[in-house]
2 protein chains.
Amino acid sequence: MEAAARVIARRGVRGLRVEELAAEAGVSTALIYYHFKDRAGILRRTLEFINDRAERYTTERDADAEPLTPRQELERTLLLELQDDPVVRENSTAWGELRASAIFDPDLREDLARATLVWVQEISELLGQVRPMATVTTLATSAERLTLLVEGISMRWLSGILPLEHARELMLDAVDAELGRLERR
Amino acid sequence: MEAAARVIARRGVRGLRVEELAAEAGVSTALIYYHFKDRAGILRRTLEFINDRAERYTTERDADAEPLTPRQELERTLLLELQDDPVVRENSTAWGELRASAIFDPDLREDLARATLVWVQEISELLGQVRPMATVTTLATSAERLTLLVEGISMRWLSGILPLEHARELMLDAVDAELGRLERR
C-alpha cells in the first residue's frame, strides 16, 4: 500500500503501471493481481490506505502530553494536514491525484464521497465541542468549508506557490472566522 | 491552444504527448515545435491561455445588462468559476493539472504564482469596492482565502462528489462571511 501511494503521488492515477508498483513494492505483478484483483481494486485500497494514514497523523497524540482544549484539538487536527513531512506531502498529493481521476472516471466517486463525508463529520464534531450551542446544519457547513479550504491550501502549498507558514496562518484565521460565525448564529 | 487545454484536461501534464496534441489541433508536430520551441513552452503558453479564458468568462457582461452593485459583481465573478459549462470544466481541470505538475517539476511555479497573484488582486479589488474602509492587508487575506476556496470547491465539484447547487451556496456563504469580517475590522 505504501508503494501504491508513492507511485500514485509520483505518476498520477493515469501513470500508474502495475509493473512499476510491483518493482516498488518488491513483489511480483501476479501477487498484486492476486491481492487486488484489478486496477480498480488497487485504487480503492490505496484510497482507503491514505485515508487511514491521514486519520492517524492528524489525530495521534503523545500519551503523556497535556490534554488539549476543544479549540486546540480542532486547530491541531487541521494544521497537521499542513506539515513539511514526506508522508503528509505524499498522502495529500496522492489524494489530489485520486480525486482528479474521478473527473473522467466515476469508479472512485463513491469511495471519495464517503471518505470526504467521514472527514467533514470528524471536523464537524470537533467544531461542535467548541460551539455546543450551534446547530448540526451550521456545524456541517462550517466543517465542509474548512475541509474544502484545507484541500485548496494543500494543493497550492504542495505545488510550491504558497509558503507553509502562510498556509498555516490562513488556516488558523479561517478557523477563527468559522468559530465566530457559529457563535453569532 | 484550445487543443492543448483539452489534452491537458483529459490526460494531465504527464500524459501530454505532442503527437496527440498535433492530431487534436490538426497540425504537424513540426509546427508545434516551431511555435512553442519545447514542451515547457507548450505548458507555459497553455497556462496563459487558460488564465485569459477564465478572465474572459468570469468578467464578460452583456453590454445592455443592468449595472451590478460591487457585491453582485464580486459574487458573480466567483460563481462564474462554478458553471456547468464544458469550457469552464475543461479550464478548471487543466488548471488543476498544471498546478499539480508543479509539485514535482518547478518549471511552471513562477507562472503559476504570478497567475494566482493576479487573480487574488482582482478579487481583492472587488472586495475593496464593497468594503472601502478595509485595509489592503485584510482585503488581500480575504481574497486569498476566497480563491483557495474556489479551487477546493472546483476540484470537489469536478470530481463529481459536490453537487453544483451546493457548491455555489458554499461559495456565497463564504463571501458573506468574508464581507462580515472585513466590516468588523
# chains A, B, ... in the order shown; residues from 1 in each chain; ligands from 1
call {"tool": "residues_around", "arguments": {"residues": "Trp119 of chain B", "least_positions_apart": "3", "cutoff": "10 Å", "atoms": "only C-alpha atoms", "output": "number ranges by chain"}}
result
B: 51, 54-55, 113-116, 122-125, 143-144, 147
call {"tool": "interface_residues", "arguments": {"of": "chain B", "to": "chain A", "cutoff": "10 Å", "atoms": "only C-alpha atoms", "output": "PyMOL selection string"}}
result
chain B and resi 9-15+89+93+96-106+108-114+116-117+141-142+144-162+167+169-171+173-174+177-178+180-181
call {"tool": "calpha_fit_and_write", "arguments": {"fixed": "chain A", "moving": "chain B", "output": "short mmCIF file (atom, residue, chain, number, x, y, z; two decimals) with C-alpha atoms, in the first residue's frame"}}
result
data_model
loop_
_atom_site.label_atom_id
_atom_site.label_comp_id
_atom_site.auth_asym_id
_atom_site.auth_seq_id
_atom_site.Cartn_x
_atom_site.Cartn_y
_atom_site.Cartn_z
CA MET B 1 0.00 0.04 0.01
CA GLU B 2 2.88 2.38 0.79
CA ALA B 3 4.36 1.67 -2.62
CA ALA B 4 0.99 2.33 -4.30
CA ALA B 5 0.58 5.68 -2.52
CA ARG B 6 4.13 6.61 -3.56
CA VAL B 7 3.65 5.65 -7.21
CA ILE B 8 0.28 7.42 -7.47
CA ALA B 9 1.70 10.58 -5.87
CA ARG B 10 4.61 10.51 -8.31
CA ARG B 11 2.92 9.40 -11.56
CA GLY B 12 -0.74 10.11 -11.03
CA VAL B 13 -3.51 7.57 -11.41
CA ARG B 14 -3.20 7.59 -15.19
CA GLY B 15 0.53 6.94 -14.92
CA LEU B 16 0.17 4.03 -12.53
CA ARG B 17 1.68 0.90 -14.10
CA VAL B 18 1.28 -2.36 -12.20
CA GLU B 19 4.83 -3.33 -13.23
CA GLU B 20 6.26 -0.21 -11.59
CA LEU B 21 4.14 -0.76 -8.50
CA ALA B 22 5.35 -4.36 -8.24
CA ALA B 23 8.99 -3.26 -8.59
CA GLU B 24 8.48 -0.50 -6.00
CA ALA B 25 6.89 -2.97 -3.55
CA GLY B 26 9.46 -5.67 -4.33
CA VAL B 27 6.82 -8.26 -5.28
CA SER B 28 5.60 -9.88 -8.49
CA THR B 29 2.78 -8.41 -10.58
CA ALA B 30 0.99 -11.76 -10.12
CA LEU B 31 0.91 -11.20 -6.35
CA ILE B 32 -0.54 -7.74 -6.85
CA TYR B 33 -3.34 -9.04 -9.06
CA TYR B 34 -3.91 -11.87 -6.60
CA HIS B 35 -4.43 -9.38 -3.76
CA PHE B 36 -6.25 -6.56 -5.51
CA LYS B 37 -7.95 -8.37 -8.40
CA ASP B 38 -7.58 -5.43 -10.80
CA ARG B 39 -6.54 -1.83 -11.24
CA ALA B 40 -9.79 -0.55 -9.71
CA GLY B 41 -9.07 -2.71 -6.66
CA ILE B 42 -5.60 -1.19 -6.28
CA LEU B 43 -7.03 2.33 -6.45
CA ARG B 44 -9.81 1.62 -3.98
CA ARG B 45 -7.48 0.06 -1.42
CA THR B 46 -4.91 2.85 -1.85
CA LEU B 47 -7.60 5.46 -1.20
CA GLU B 48 -8.51 3.61 1.98
CA PHE B 49 -4.87 3.36 2.99
CA ILE B 50 -4.17 7.08 2.55
CA ASN B 51 -7.34 7.97 4.46
CA ASP B 52 -6.35 5.73 7.37
CA ARG B 53 -2.88 7.20 7.32
CA ALA B 54 -4.22 10.80 7.33
CA GLU B 55 -6.57 9.86 10.15
CA ARG B 56 -3.52 8.61 12.07
CA TYR B 57 -1.20 11.56 11.56
CA THR B 58 -3.91 14.14 12.24
CA THR B 59 -5.11 12.54 15.48
CA GLU B 60 -2.12 10.91 17.18
CA ARG B 61 -1.03 12.48 20.47
CA ASP B 62 1.72 11.64 22.92
CA ALA B 63 0.21 9.59 25.73
CA ASP B 64 1.72 11.91 28.34
CA ALA B 65 1.03 15.22 26.52
CA GLU B 66 -1.08 17.92 28.19
CA PRO B 67 -4.77 17.51 27.31
CA LEU B 68 -5.91 19.97 24.64
CA THR B 69 -8.89 22.29 24.77
CA PRO B 70 -11.52 21.51 22.10
CA ARG B 71 -10.35 24.53 20.10
CA GLN B 72 -6.70 23.46 20.27
CA GLU B 73 -7.69 20.00 19.16
CA LEU B 74 -9.61 21.38 16.18
CA GLU B 75 -6.72 23.64 15.16
CA ARG B 76 -4.18 20.89 15.63
CA THR B 77 -6.16 18.40 13.55
CA LEU B 78 -6.42 20.84 10.64
CA LEU B 79 -2.83 22.08 10.87
CA LEU B 80 -1.44 18.54 10.88
CA GLU B 81 -2.59 18.37 7.22
CA LEU B 82 -0.03 21.09 6.53
CA GLN B 83 3.28 19.67 7.72
CA ASP B 84 6.56 19.59 5.88
CA ASP B 85 6.77 15.83 6.23
CA PRO B 86 7.33 13.39 3.34
CA VAL B 87 4.40 11.17 4.36
CA VAL B 88 1.99 14.11 4.61
CA ARG B 89 3.15 15.51 1.26
CA GLU B 90 2.87 12.12 -0.40
CA ASN B 91 -0.52 11.45 1.16
CA SER B 92 -2.01 14.78 0.10
CA THR B 93 -0.52 14.51 -3.38
CA ALA B 94 -1.94 11.01 -3.83
CA TRP B 95 -5.34 12.18 -2.51
CA GLY B 96 -5.31 15.00 -5.09
CA GLU B 97 -4.47 12.55 -7.87
CA LEU B 98 -7.18 10.07 -6.84
CA ARG B 99 -9.73 12.88 -6.61
CA ALA B 100 -8.69 14.27 -10.01
CA SER B 101 -9.03 10.80 -11.56
CA ALA B 102 -12.73 10.86 -10.68
CA ILE B 103 -13.28 13.78 -13.08
CA PHE B 104 -13.24 11.42 -16.05
CA ASP B 105 -13.68 8.06 -14.35
CA PRO B 106 -16.65 7.57 -12.00
CA ASP B 107 -15.18 4.39 -10.43
CA LEU B 108 -13.81 6.00 -7.29
CA ARG B 109 -16.52 8.60 -6.78
CA GLU B 110 -18.48 6.70 -4.20
CA ASP B 111 -15.39 5.93 -2.11
CA LEU B 112 -14.17 9.53 -2.42
CA ALA B 113 -17.58 10.85 -1.38
CA ARG B 114 -17.67 8.53 1.63
CA ALA B 115 -14.13 9.41 2.74
CA THR B 116 -14.92 13.12 2.38
CA LEU B 117 -18.10 12.73 4.41
CA VAL B 118 -16.24 10.95 7.23
CA TRP B 119 -13.69 13.77 7.29
CA VAL B 120 -16.37 16.49 7.28
CA GLN B 121 -18.17 14.72 10.15
CA GLU B 122 -14.96 14.48 12.15
CA ILE B 123 -14.31 18.24 11.79
CA SER B 124 -17.97 18.93 12.46
CA GLU B 125 -17.76 17.07 15.78
CA LEU B 126 -14.65 18.99 16.79
CA LEU B 127 -16.40 22.25 15.91
CA GLY B 128 -19.39 21.12 17.96
CA GLN B 129 -17.17 20.62 21.00
CA VAL B 130 -16.04 24.25 20.72
CA ARG B 131 -19.53 25.55 19.93
CA PRO B 132 -22.00 23.19 21.66
CA MET B 133 -24.96 25.52 20.99
CA ALA B 134 -24.53 25.55 17.20
CA THR B 135 -26.98 23.55 15.09
CA VAL B 136 -25.91 20.39 13.30
CA THR B 137 -26.52 22.06 9.92
CA THR B 138 -24.37 25.12 10.58
CA LEU B 139 -21.63 22.91 12.04
CA ALA B 140 -21.69 20.71 8.95
CA THR B 141 -21.49 23.71 6.60
CA SER B 142 -18.56 25.17 8.53
CA ALA B 143 -16.80 21.81 8.53
CA GLU B 144 -17.40 21.40 4.82
CA ARG B 145 -15.93 24.82 4.12
CA LEU B 146 -12.90 24.18 6.34
CA THR B 147 -12.12 20.86 4.63
CA LEU B 148 -12.50 22.49 1.20
CA LEU B 149 -10.08 25.16 2.32
CA VAL B 150 -7.61 22.52 3.56
CA GLU B 151 -7.75 20.94 0.10
CA GLY B 152 -7.26 24.27 -1.67
CA ILE B 153 -4.43 25.29 0.65
CA SER B 154 -2.74 21.88 0.41
CA MET B 155 -2.65 21.91 -3.35
CA ARG B 156 -1.28 25.45 -3.53
CA TRP B 157 1.31 24.67 -0.86
CA LEU B 158 2.36 21.35 -2.43
CA SER B 159 2.79 22.97 -5.83
CA GLY B 160 5.28 25.35 -4.25
CA ILE B 161 3.45 28.64 -4.63
CA LEU B 162 2.18 29.12 -1.04
CA PRO B 163 4.75 29.11 1.78
CA LEU B 164 3.92 26.70 4.60
CA GLU B 165 3.95 29.36 7.33
CA HIS B 166 1.43 31.48 5.43
CA ALA B 167 -0.67 28.41 4.62
CA ARG B 168 -0.97 27.68 8.34
CA GLU B 169 -1.86 31.27 9.16
CA LEU B 170 -4.63 31.26 6.55
CA MET B 171 -5.94 28.04 8.06
CA LEU B 172 -5.97 29.33 11.65
CA ASP B 173 -7.58 32.56 10.54
CA ALA B 174 -10.32 30.57 8.79
CA VAL B 175 -10.94 28.52 11.94
CA ASP B 176 -11.31 31.77 13.85
CA ALA B 177 -13.77 33.05 11.25
CA GLU B 178 -15.90 29.89 11.30
CA LEU B 179 -15.99 29.80 15.11
CA GLY B 180 -17.01 33.47 15.12
CA ARG B 181 -19.88 32.73 12.75
CA LEU B 182 -21.02 29.72 14.76
CA GLU B 183 -21.11 31.85 17.88
CA ARG B 184 -23.23 34.56 16.31
CA ARG B 185 -25.83 32.20 14.89
#
call {"tool": "select_by_dssp", "arguments": {"residues": "segment 49-111 of chain B", "states": "helix (DSSP H, G or I)", "output": "NGL selection string"}}
result
:B and (49-59 or 70-79 or 86-101 or 106-111)
